[in-house]
file run_27.csv (CSV, C-alpha atoms)
chain,number,residue,atom,x,y,z
A,1,MET,CA,88.8,114.0,66.4
A,2,ILE,CA,87.2,117.4,66.6
A,3,ASN,CA,87.1,120.3,64.2
A,4,ALA,CA,89.0,123.4,65.0
A,5,GLN,CA,85.9,125.5,65.1
A,6,ASP,CA,84.6,123.3,68.0
A,7,ILE,CA,87.4,124.4,70.4
A,8,LYS,CA,86.1,126.0,73.5
A,9,ILE,CA,87.6,127.1,76.8
A,10,GLY,CA,88.5,123.9,78.8
A,11,THR,CA,88.7,121.7,75.7
A,12,ALA,CA,91.7,119.3,75.9
A,13,ILE,CA,93.6,118.4,72.8
A,14,ARG,CA,96.7,116.3,72.0
A,15,MET,CA,99.2,118.0,69.8
A,16,ASP,CA,102.9,117.3,69.0
A,17,GLY,CA,102.8,114.5,71.6
A,18,ASN,CA,101.7,116.9,74.4
A,19,LEU,CA,98.4,117.5,76.1
A,20,TYR,CA,97.0,121.0,76.1
A,21,PHE,CA,93.9,122.8,77.6
A,22,CYS,CA,92.3,125.7,75.7
A,23,ILE,CA,92.3,128.8,78.0
A,24,ASP,CA,91.2,131.3,75.4
A,25,PHE,CA,89.9,131.3,71.8
A,26,LEU,CA,88.8,133.8,69.2
A,27,HIS,CA,86.9,133.0,65.9
A,28,VAL,CA,88.5,135.4,63.3
A,29,LYS,CA,86.8,136.2,60.0
A,30,PRO,CA,89.2,138.5,58.1
A,31,GLY,CA,87.9,140.6,55.2
A,32,LYS,CA,90.0,138.5,52.8
A,33,GLY,CA,91.0,134.9,53.1
A,34,ASN,CA,89.7,132.0,55.1
A,35,THR,CA,88.2,132.0,58.6
A,36,PHE,CA,90.4,130.7,61.4
A,37,MET,CA,90.5,130.1,65.1
A,38,ARG,CA,93.1,131.9,67.3
A,39,THR,CA,93.7,130.0,70.5
A,40,LYS,CA,95.8,130.1,73.7
A,41,LEU,CA,96.7,126.6,74.8
A,42,LYS,CA,98.2,125.7,78.2
A,43,ASN,CA,100.5,122.7,78.4
A,44,VAL,CA,99.3,120.3,81.1
A,45,VAL,CA,102.8,119.1,82.1
A,46,ASP,CA,104.9,122.3,82.3
A,47,GLY,CA,102.2,125.0,82.4
A,48,ARG,CA,103.6,126.9,79.4
A,49,VAL,CA,101.1,128.9,77.4
A,50,LEU,CA,101.3,129.1,73.6
A,51,GLU,CA,99.3,130.8,71.0
A,52,ARG,CA,98.2,128.7,68.0
A,53,ARG,CA,96.2,129.4,64.9
A,54,PHE,CA,94.0,126.7,63.3
A,55,ASN,CA,92.1,126.8,60.0
A,56,ILE,CA,88.4,126.1,60.1
A,57,GLY,CA,87.8,122.5,59.3
A,58,GLU,CA,91.2,121.4,60.5
A,59,LYS,CA,91.0,118.1,62.5
A,60,LEU,CA,92.4,117.9,66.0
A,61,GLU,CA,92.9,115.0,68.3
A,62,ASP,CA,90.6,115.6,71.4
A,63,VAL,CA,91.2,114.1,74.8
A,64,ARG,CA,88.4,113.2,77.1
A,65,VAL,CA,89.3,114.2,80.6
A,66,GLU,CA,87.6,113.5,83.9
A,67,ARG,CA,87.4,115.6,87.0
A,68,ARG,CA,86.8,113.7,90.2
A,69,PRO,CA,86.9,114.8,93.9
A,70,TYR,CA,89.7,113.1,95.9
A,71,GLN,CA,90.5,113.5,99.6
A,72,TYR,CA,94.1,114.1,100.7
A,73,LEU,CA,95.2,111.5,103.2
A,74,TYR,CA,98.9,111.8,103.9
A,75,GLN,CA,102.4,112.4,102.5
A,76,GLU,CA,104.7,109.5,101.7
A,77,GLY,CA,108.1,110.7,100.6
A,78,GLU,CA,107.7,113.0,97.6
A,79,ASP,CA,104.2,111.6,96.8
A,80,TYR,CA,100.9,112.7,98.3
A,81,ILE,CA,98.3,109.9,98.8
A,82,PHE,CA,94.7,110.7,97.8
A,83,MET,CA,91.5,108.7,98.1
A,84,ASN,CA,88.8,108.6,95.5
A,85,GLN,CA,85.5,109.8,97.2
A,86,GLU,CA,83.4,107.2,95.3
A,87,THR,CA,85.5,104.0,95.1
A,88,TYR,CA,87.8,104.6,98.1
A,89,GLU,CA,90.7,103.7,95.9
A,90,GLN,CA,94.0,105.3,97.0
A,91,ILE,CA,96.4,106.8,94.5
A,92,PRO,CA,99.8,108.6,94.8
A,93,ILE,CA,100.3,112.0,93.1
A,94,GLY,CA,103.6,113.8,92.7
A,95,LYS,CA,104.1,117.1,94.4
A,96,ASP,CA,104.8,118.9,91.1
A,97,LEU,CA,101.3,117.9,89.7
A,98,ILE,CA,99.4,119.6,92.6
A,99,THR,CA,98.5,123.3,92.4
A,100,GLY,CA,98.4,125.0,95.8
A,101,VAL,CA,100.2,122.1,97.5
A,102,ALA,CA,101.8,124.4,100.2
A,103,PHE,CA,98.3,125.2,101.5
A,104,MET,CA,96.9,121.6,101.6
A,105,LYS,CA,96.1,119.9,104.9
A,106,GLU,CA,94.9,116.4,105.7
A,107,SER,CA,91.3,115.7,104.7
A,108,ASP,CA,91.1,118.5,102.1
A,109,ILE,CA,89.1,117.7,99.0
A,110,VAL,CA,90.9,118.4,95.6
A,111,ASP,CA,89.8,118.0,92.0
A,112,VAL,CA,92.0,115.4,90.3
A,113,VAL,CA,92.0,115.7,86.5
A,114,SER,CA,92.8,112.5,84.6
A,115,ASP,CA,93.0,111.3,81.0
A,116,ALA,CA,89.9,109.1,80.6
A,117,SER,CA,91.4,106.8,78.0
A,118,THR,CA,94.7,106.0,79.8
A,119,GLU,CA,93.6,106.7,83.4
A,120,THR,CA,96.8,108.7,84.0
A,121,VAL,CA,96.6,111.6,86.4
A,122,LEU,CA,97.3,114.9,84.6
A,123,TYR,CA,97.1,117.2,87.7
A,124,ALA,CA,95.4,117.9,90.9
A,125,GLU,CA,93.8,121.3,91.8
A,126,MET,CA,93.2,122.7,95.2
A,127,PRO,CA,90.0,124.9,95.6
A,128,ILE,CA,90.8,128.5,94.8
A,129,LYS,CA,90.3,129.6,98.4
A,130,THR,CA,91.0,127.8,101.6
A,131,VAL,CA,90.8,128.7,105.3
A,132,LEU,CA,93.9,128.1,107.5
A,133,GLN,CA,94.8,128.9,111.1
A,134,ILE,CA,97.8,131.1,111.9
A,135,THR,CA,100.3,129.2,114.0
A,136,TYR,CA,102.9,132.0,114.4
A,137,THR,CA,103.2,135.7,113.7
A,138,GLU,CA,104.5,138.8,115.5
A,139,PRO,CA,101.8,140.3,117.8
A,140,GLY,CA,99.5,142.8,116.1
A,141,LEU,CA,98.5,146.1,117.5
A,142,LYS,CA,94.9,147.3,117.8
A,143,GLY,CA,94.2,150.0,115.3
A,144,ASP,CA,96.9,148.9,112.8
A,145,THR,CA,94.4,149.0,109.9
A,146,ALA,CA,95.1,152.4,108.3
A,147,THR,CA,98.2,151.4,106.2
A,148,ASN,CA,98.8,148.7,103.7
A,149,ALA,CA,101.7,147.3,105.6
A,150,SER,CA,102.0,143.5,106.0
A,151,LYS,CA,104.1,141.0,108.0
A,152,PRO,CA,105.0,137.4,107.5
A,153,ALA,CA,102.8,134.7,109.2
A,154,THR,CA,103.1,130.9,109.3
A,155,VAL,CA,99.9,128.9,108.8
A,156,GLU,CA,99.1,125.4,110.0
A,157,THR,CA,100.5,123.7,106.8
A,158,GLY,CA,103.9,125.4,107.4
A,159,ALA,CA,103.6,127.8,104.5
A,160,THR,CA,104.4,131.5,105.0
A,161,VAL,CA,102.0,134.2,103.8
A,162,ARG,CA,102.0,138.0,104.1
A,163,VAL,CA,99.1,139.3,106.3
A,164,PRO,CA,98.1,142.8,107.5
A,165,LEU,CA,99.6,144.0,110.8
A,166,PHE,CA,96.3,143.5,112.8
A,167,ILE,CA,96.2,139.7,112.3
A,168,ASN,CA,97.3,137.7,115.4
A,169,GLU,CA,98.3,134.1,116.2
A,170,GLY,CA,95.4,131.7,116.4
A,171,GLU,CA,93.2,133.5,114.0
A,172,PHE,CA,91.8,132.0,110.8
A,173,ILE,CA,92.4,133.6,107.4
A,174,GLU,CA,91.3,132.9,103.9
A,175,ILE,CA,94.1,132.3,101.4
A,176,ASP,CA,94.1,132.3,97.6
A,177,THR,CA,95.8,128.9,96.8
A,178,ARG,CA,96.9,130.1,93.3
A,179,ASP,CA,99.4,132.7,94.5
A,180,GLY,CA,99.3,132.4,98.3
A,181,SER,CA,97.8,135.8,98.9
A,182,TYR,CA,95.9,136.8,102.0
A,183,GLN,CA,92.2,137.4,101.2
A,184,ASN,CA,90.5,138.2,104.6
A,185,ARG,CA,90.0,137.2,108.2
A,186,VAL,CA,87.5,134.5,109.0
A,187,LYS,CA,85.5,134.2,112.2
A,188,MET,CA,85.3,130.6,113.4

call {"tool": "encode", "arguments": {"input": "run_27.csv", "output": "structure tokens"}}
result
Amino acid sequence: MINAQDIKIGTAIRMDGNLYFCIDFLHVKPGKGNTFMRTKLKNVVDGRVLERRFNIGEKLEDVRVERRPYQYLYQEGEDYIFMNQETYEQIPIGKDLITGVAFMKESDIVDVVSDASTETVLYAEMPIKTVLQITYTEPGLKGDTATNASKPATVETGATVRVPLFINEGEFIEIDTRDGSYQNRVKM
């Protein structure tokens, strides 16, 4: 159990049978009345964000979570098989629990977050940026850098991203895995 005033960004709590991560908090001391904590909590399972107010001194059930690096090995049906980098244990993780799954290729390292008390996997997170090779796109023209126009391109994982007109097939690009946006061209 932790006190409400001890909530920080990244703190995990169990409330109403669900697990939440604190993504924002504010310690409020009004002119009249008691001090309280205004928080934004993100549900681990469905990703919904809710705002909640806690009185100072209120007890909350905290959850100890562990982040460990796992290596993606292969896909088996709807599950993705990962290997723990320390123990070499292999575990399956469902597609809906992985952020950035469309940009994940074999041997990528992801952070797997699990509940330390029950050893259940909460979610897996790709690094924010990844470098992928373009496997197909329409040919670009030299000098097509003046406008903000973009075209679709297929990367090596099979995902489609919007890239500037000057990007060609075979080039490497950096992609933001949170929203699938093109960041820049990478020289390899």

call {"tool": "closest_residue", "arguments": {"input": "run_27.csv", "among": "A:Gly31, A:Pro69, A:Gly47, A:Gly17", "to": "Asp96 in chain A", "atoms": "all atoms listed in the file"}}
result
A:Gly47

call {"tool": "atom_distance", "arguments": {"input": "run_27.csv", "atom1": "CA of Glu89 in chain A", "atom2": "CA of Asp46 in chain A"}}
result
27.1 Å

call {"tool": "residues_near_point", "arguments": {"input": "run_27.csv", "point": "(89.4, 121.4, 76.3)", "cutoff": "8 Å", "atoms": "only C-alpha atoms", "output": "PyMOL selection string"}}
result
chain A and resi 7-13+20-22+62-63

call {"tool": "atom_distance", "arguments": {"input": "run_27.csv", "atom1": "CA of Pro152 in chain A", "atom2": "CA of Lys105 in chain A"}}
result
19.8 Å

call {"tool": "closest_residue", "arguments": {"input": "run_27.csv", "among": "A:Ser117, A:Gln75, A:Thr157, A:Gln90", "to": "Met104 in chain A", "atoms": "all atoms listed in the file"}}
result
A:Thr157

call {"tool": "atom_distance", "arguments": {"input": "run_27.csv", "atom1": "CA of Ala102 in chain A", "atom2": "CA of Gly158 in chain A"}}
result
7.6 Å

call {"tool": "closest_residue", "arguments": {"input": "run_27.csv", "among": "A:Ile2, A:Leu19, A:Met188, A:Ile91", "to": "Tyr74 in chain A", "atoms": "all atoms listed in the file"}}
result
A:Ile91

call {"tool": "residues_around", "arguments": {"input": "run_27.csv", "residues": "range 131-139 of chain A", "least_positions_apart": "6", "cutoff": "6 Å", "atoms": "all atoms listed in the file", "output": "PyMOL selection string"}}
result
chain A and resi 153-156+168-174

call {"tool": "write_last_selection", "arguments": {"input": "run_27.csv", "atoms": "C-alpha atoms", "output": "short mmCIF file (atom, residue, chain, number, x, y, z; two decimals), in the coordinates of the input"}}
result
data_model
loop_
_atom_site.label_atom_id
_atom_site.label_comp_id
_atom_site.auth_asym_id
_atom_site.auth_seq_id
_atom_site.Cartn_x
_atom_site.Cartn_y
_atom_site.Cartn_z
CA ALA A 153 102.80 134.70 109.20
CA THR A 154 103.10 130.90 109.30
CA VAL A 155 99.90 128.90 108.80
CA GLU A 156 99.10 125.40 110.00
CA ASN A 168 97.30 137.70 115.40
CA GLU A 169 98.30 134.10 116.20
CA GLY A 170 95.40 131.70 116.40
CA GLU A 171 93.20 133.50 114.00
CA PHE A 172 91.80 132.00 110.80
CA ILE A 173 92.40 133.60 107.40
CA GLU A 174 91.30 132.90 103.90
#

call {"tool": "residues_around", "arguments": {"input": "run_27.csv", "residues": "Val101 in chain A", "least_positions_apart": "3", "cutoff": "10 Å", "atoms": "only C-alpha atoms", "output": "CSV table (one decimal) with C-alpha atoms, in the frame of the given file"}}
result
chain,number,residue,atom,x,y,z
A,80,TYR,CA,100.9,112.7,98.3
A,95,LYS,CA,104.1,117.1,94.4
A,96,ASP,CA,104.8,118.9,91.1
A,97,LEU,CA,101.3,117.9,89.7
A,98,ILE,CA,99.4,119.6,92.6
A,104,MET,CA,96.9,121.6,101.6
A,105,LYS,CA,96.1,119.9,104.9
A,124,ALA,CA,95.4,117.9,90.9
A,125,GLU,CA,93.8,121.3,91.8
A,126,MET,CA,93.2,122.7,95.2
A,157,THR,CA,100.5,123.7,106.8
A,159,ALA,CA,103.6,127.8,104.5
A,177,THR,CA,95.8,128.9,96.8
A,178,ARG,CA,96.9,130.1,93.3

call {"tool": "closest_residue", "arguments": {"input": "run_27.csv", "among": "A:Gly94, A:Gly77, A:Gly33, A:Gly180", "to": "Val121 in chain A", "atoms": "only C-alpha atoms"}}
result
A:Gly94

call {"tool": "residues_around", "arguments": {"input": "run_27.csv", "residues": "Asn34 in chain A", "least_positions_apart": "3", "cutoff": "8 Å", "atoms": "only C-alpha atoms", "output": "ChimeraX atom specification"}}
result
/A:29-30,55-56

call {"tool": "decode", "arguments": {"input": "run_27.csv", "residues": "range 57-143 of chain A", "atoms": "C-alpha atoms", "output": "PDB file, in the first residue's frame"}}
result
ATOM      1  CA  GLY A  57      -3.305  10.214   3.095  1.00  0.00           C
ATOM      2  CA  GLU A  58      -5.589   7.919   1.084  1.00  0.00           C
ATOM      3  CA  LYS A  59      -4.138   4.412   0.787  1.00  0.00           C
ATOM      4  CA  LEU A  60      -3.774   2.824  -2.649  1.00  0.00           C
ATOM      5  CA  GLU A  61      -2.726  -0.687  -3.664  1.00  0.00           C
ATOM      6  CA  ASP A  62       0.571  -0.394  -5.515  1.00  0.00           C
ATOM      7  CA  VAL A  63       1.813  -2.978  -7.982  1.00  0.00           C
ATOM      8  CA  ARG A  64       5.474  -3.771  -8.454  1.00  0.00           C
ATOM      9  CA  VAL A  65       6.259  -4.039 -12.150  1.00  0.00           C
ATOM     10  CA  GLU A  66       9.418  -5.251 -13.832  1.00  0.00           C
ATOM     11  CA  ARG A  67      10.828  -4.168 -17.201  1.00  0.00           C
ATOM     12  CA  ARG A  68      13.046  -6.678 -18.921  1.00  0.00           C
ATOM     13  CA  PRO A  69      14.568  -6.792 -22.400  1.00  0.00           C
ATOM     14  CA  TYR A  70      13.240  -9.625 -24.557  1.00  0.00           C
ATOM     15  CA  GLN A  71      14.279 -10.573 -28.094  1.00  0.00           C
ATOM     16  CA  TYR A  72      11.586 -11.226 -30.705  1.00  0.00           C
ATOM     17  CA  LEU A  73      12.113 -14.649 -32.296  1.00  0.00           C
ATOM     18  CA  TYR A  74       9.133 -15.567 -34.509  1.00  0.00           C
ATOM     19  CA  GLN A  75       5.355 -15.476 -34.906  1.00  0.00           C
ATOM     20  CA  GLU A  76       3.228 -18.530 -34.131  1.00  0.00           C
ATOM     21  CA  GLY A  77      -0.439 -18.020 -35.055  1.00  0.00           C
ATOM     22  CA  GLU A  78      -1.708 -14.918 -33.226  1.00  0.00           C
ATOM     23  CA  ASP A  79       1.115 -15.017 -30.657  1.00  0.00           C
ATOM     24  CA  TYR A  80       4.615 -13.626 -30.939  1.00  0.00           C
ATOM     25  CA  ILE A  81       7.410 -15.632 -29.311  1.00  0.00           C
ATOM     26  CA  PHE A  82      10.008 -13.708 -27.275  1.00  0.00           C
ATOM     27  CA  MET A  83      13.160 -14.839 -25.478  1.00  0.00           C
ATOM     28  CA  ASN A  84      14.340 -13.444 -22.147  1.00  0.00           C
ATOM     29  CA  GLN A  85      17.846 -12.010 -22.646  1.00  0.00           C
ATOM     30  CA  GLU A  86      19.058 -13.237 -19.225  1.00  0.00           C
ATOM     31  CA  THR A  87      17.447 -16.672 -18.713  1.00  0.00           C
ATOM     32  CA  TYR A  88      16.825 -17.644 -22.393  1.00  0.00           C
ATOM     33  CA  GLU A  89      13.252 -18.591 -21.422  1.00  0.00           C
ATOM     34  CA  GLN A  90      10.756 -18.254 -24.286  1.00  0.00           C
ATOM     35  CA  ILE A  91       7.290 -16.764 -23.769  1.00  0.00           C
ATOM     36  CA  PRO A  92       4.337 -16.077 -26.096  1.00  0.00           C
ATOM     37  CA  ILE A  93       2.785 -12.586 -26.092  1.00  0.00           C
ATOM     38  CA  GLY A  94      -0.484 -11.719 -27.850  1.00  0.00           C
ATOM     39  CA  LYS A  95      -0.470  -9.215 -30.720  1.00  0.00           C
ATOM     40  CA  ASP A  96      -2.812  -6.836 -28.877  1.00  0.00           C
ATOM     41  CA  LEU A  97      -0.321  -6.472 -25.980  1.00  0.00           C
ATOM     42  CA  ILE A  98       2.560  -5.232 -28.183  1.00  0.00           C
ATOM     43  CA  THR A  99       2.906  -1.559 -29.095  1.00  0.00           C
ATOM     44  CA  GLY A 100       4.431  -0.966 -32.535  1.00  0.00           C
ATOM     45  CA  VAL A 101       3.966  -4.596 -33.603  1.00  0.00           C
ATOM     46  CA  ALA A 102       3.656  -3.641 -37.303  1.00  0.00           C
ATOM     47  CA  PHE A 103       7.278  -2.418 -37.307  1.00  0.00           C
ATOM     48  CA  MET A 104       8.817  -5.351 -35.410  1.00  0.00           C
ATOM     49  CA  LYS A 105      11.240  -7.647 -37.211  1.00  0.00           C
ATOM     50  CA  GLU A 106      13.043 -10.774 -36.042  1.00  0.00           C
ATOM     51  CA  SER A 107      15.789 -10.258 -33.435  1.00  0.00           C
ATOM     52  CA  ASP A 108      14.432  -6.843 -32.332  1.00  0.00           C
ATOM     53  CA  ILE A 109      14.775  -6.125 -28.620  1.00  0.00           C
ATOM     54  CA  VAL A 110      11.588  -4.984 -26.843  1.00  0.00           C
ATOM     55  CA  ASP A 111      10.827  -4.029 -23.242  1.00  0.00           C
ATOM     56  CA  VAL A 112       8.397  -6.484 -21.649  1.00  0.00           C
ATOM     57  CA  VAL A 113       6.576  -5.113 -18.608  1.00  0.00           C
ATOM     58  CA  SER A 114       5.217  -7.713 -16.185  1.00  0.00           C
ATOM     59  CA  ASP A 115       3.503  -7.784 -12.797  1.00  0.00           C
ATOM     60  CA  ALA A 116       6.238  -8.930 -10.392  1.00  0.00           C
ATOM     61  CA  SER A 117       3.860 -10.672  -7.969  1.00  0.00           C
ATOM     62  CA  THR A 118       1.944 -12.794 -10.493  1.00  0.00           C
ATOM     63  CA  GLU A 119       4.575 -12.925 -13.303  1.00  0.00           C
ATOM     64  CA  THR A 120       1.869 -12.058 -15.862  1.00  0.00           C
ATOM     65  CA  VAL A 121       2.895 -10.020 -18.897  1.00  0.00           C
ATOM     66  CA  LEU A 122       1.126  -6.646 -18.958  1.00  0.00           C
ATOM     67  CA  TYR A 123       2.453  -5.372 -22.295  1.00  0.00           C
ATOM     68  CA  ALA A 124       5.496  -5.246 -24.565  1.00  0.00           C
ATOM     69  CA  GLU A 125       6.899  -2.010 -25.918  1.00  0.00           C
ATOM     70  CA  MET A 126       8.986  -1.493 -29.042  1.00  0.00           C
ATOM     71  CA  PRO A 127      11.706   1.180 -28.908  1.00  0.00           C
ATOM     72  CA  ILE A 128      10.268   4.563 -29.922  1.00  0.00           C
ATOM     73  CA  LYS A 129      12.351   4.694 -33.111  1.00  0.00           C
ATOM     74  CA  THR A 130      13.397   1.887 -35.413  1.00  0.00           C
ATOM     75  CA  VAL A 131      15.259   1.704 -38.727  1.00  0.00           C
ATOM     76  CA  LEU A 132      13.670  -0.302 -41.558  1.00  0.00           C
ATOM     77  CA  GLN A 133      14.445  -0.824 -45.244  1.00  0.00           C
ATOM     78  CA  ILE A 134      11.963   0.165 -47.956  1.00  0.00           C
ATOM     79  CA  THR A 135      10.985  -2.865 -50.045  1.00  0.00           C
ATOM     80  CA  TYR A 136       8.592  -1.103 -52.440  1.00  0.00           C
ATOM     81  CA  THR A 137       7.694   2.452 -53.406  1.00  0.00           C
ATOM     82  CA  GLU A 138       7.156   4.412 -56.593  1.00  0.00           C
ATOM     83  CA  PRO A 139      10.440   5.834 -57.953  1.00  0.00           C
ATOM     84  CA  GLY A 140      11.376   9.249 -56.610  1.00  0.00           C
ATOM     85  CA  LEU A 141      12.660  12.159 -58.632  1.00  0.00           C
ATOM     86  CA  LYS A 142      15.799  14.090 -57.814  1.00  0.00           C
ATOM     87  CA  GLY A 143      14.915  17.512 -56.466  1.00  0.00           C
TER      88      GLY A 143
END
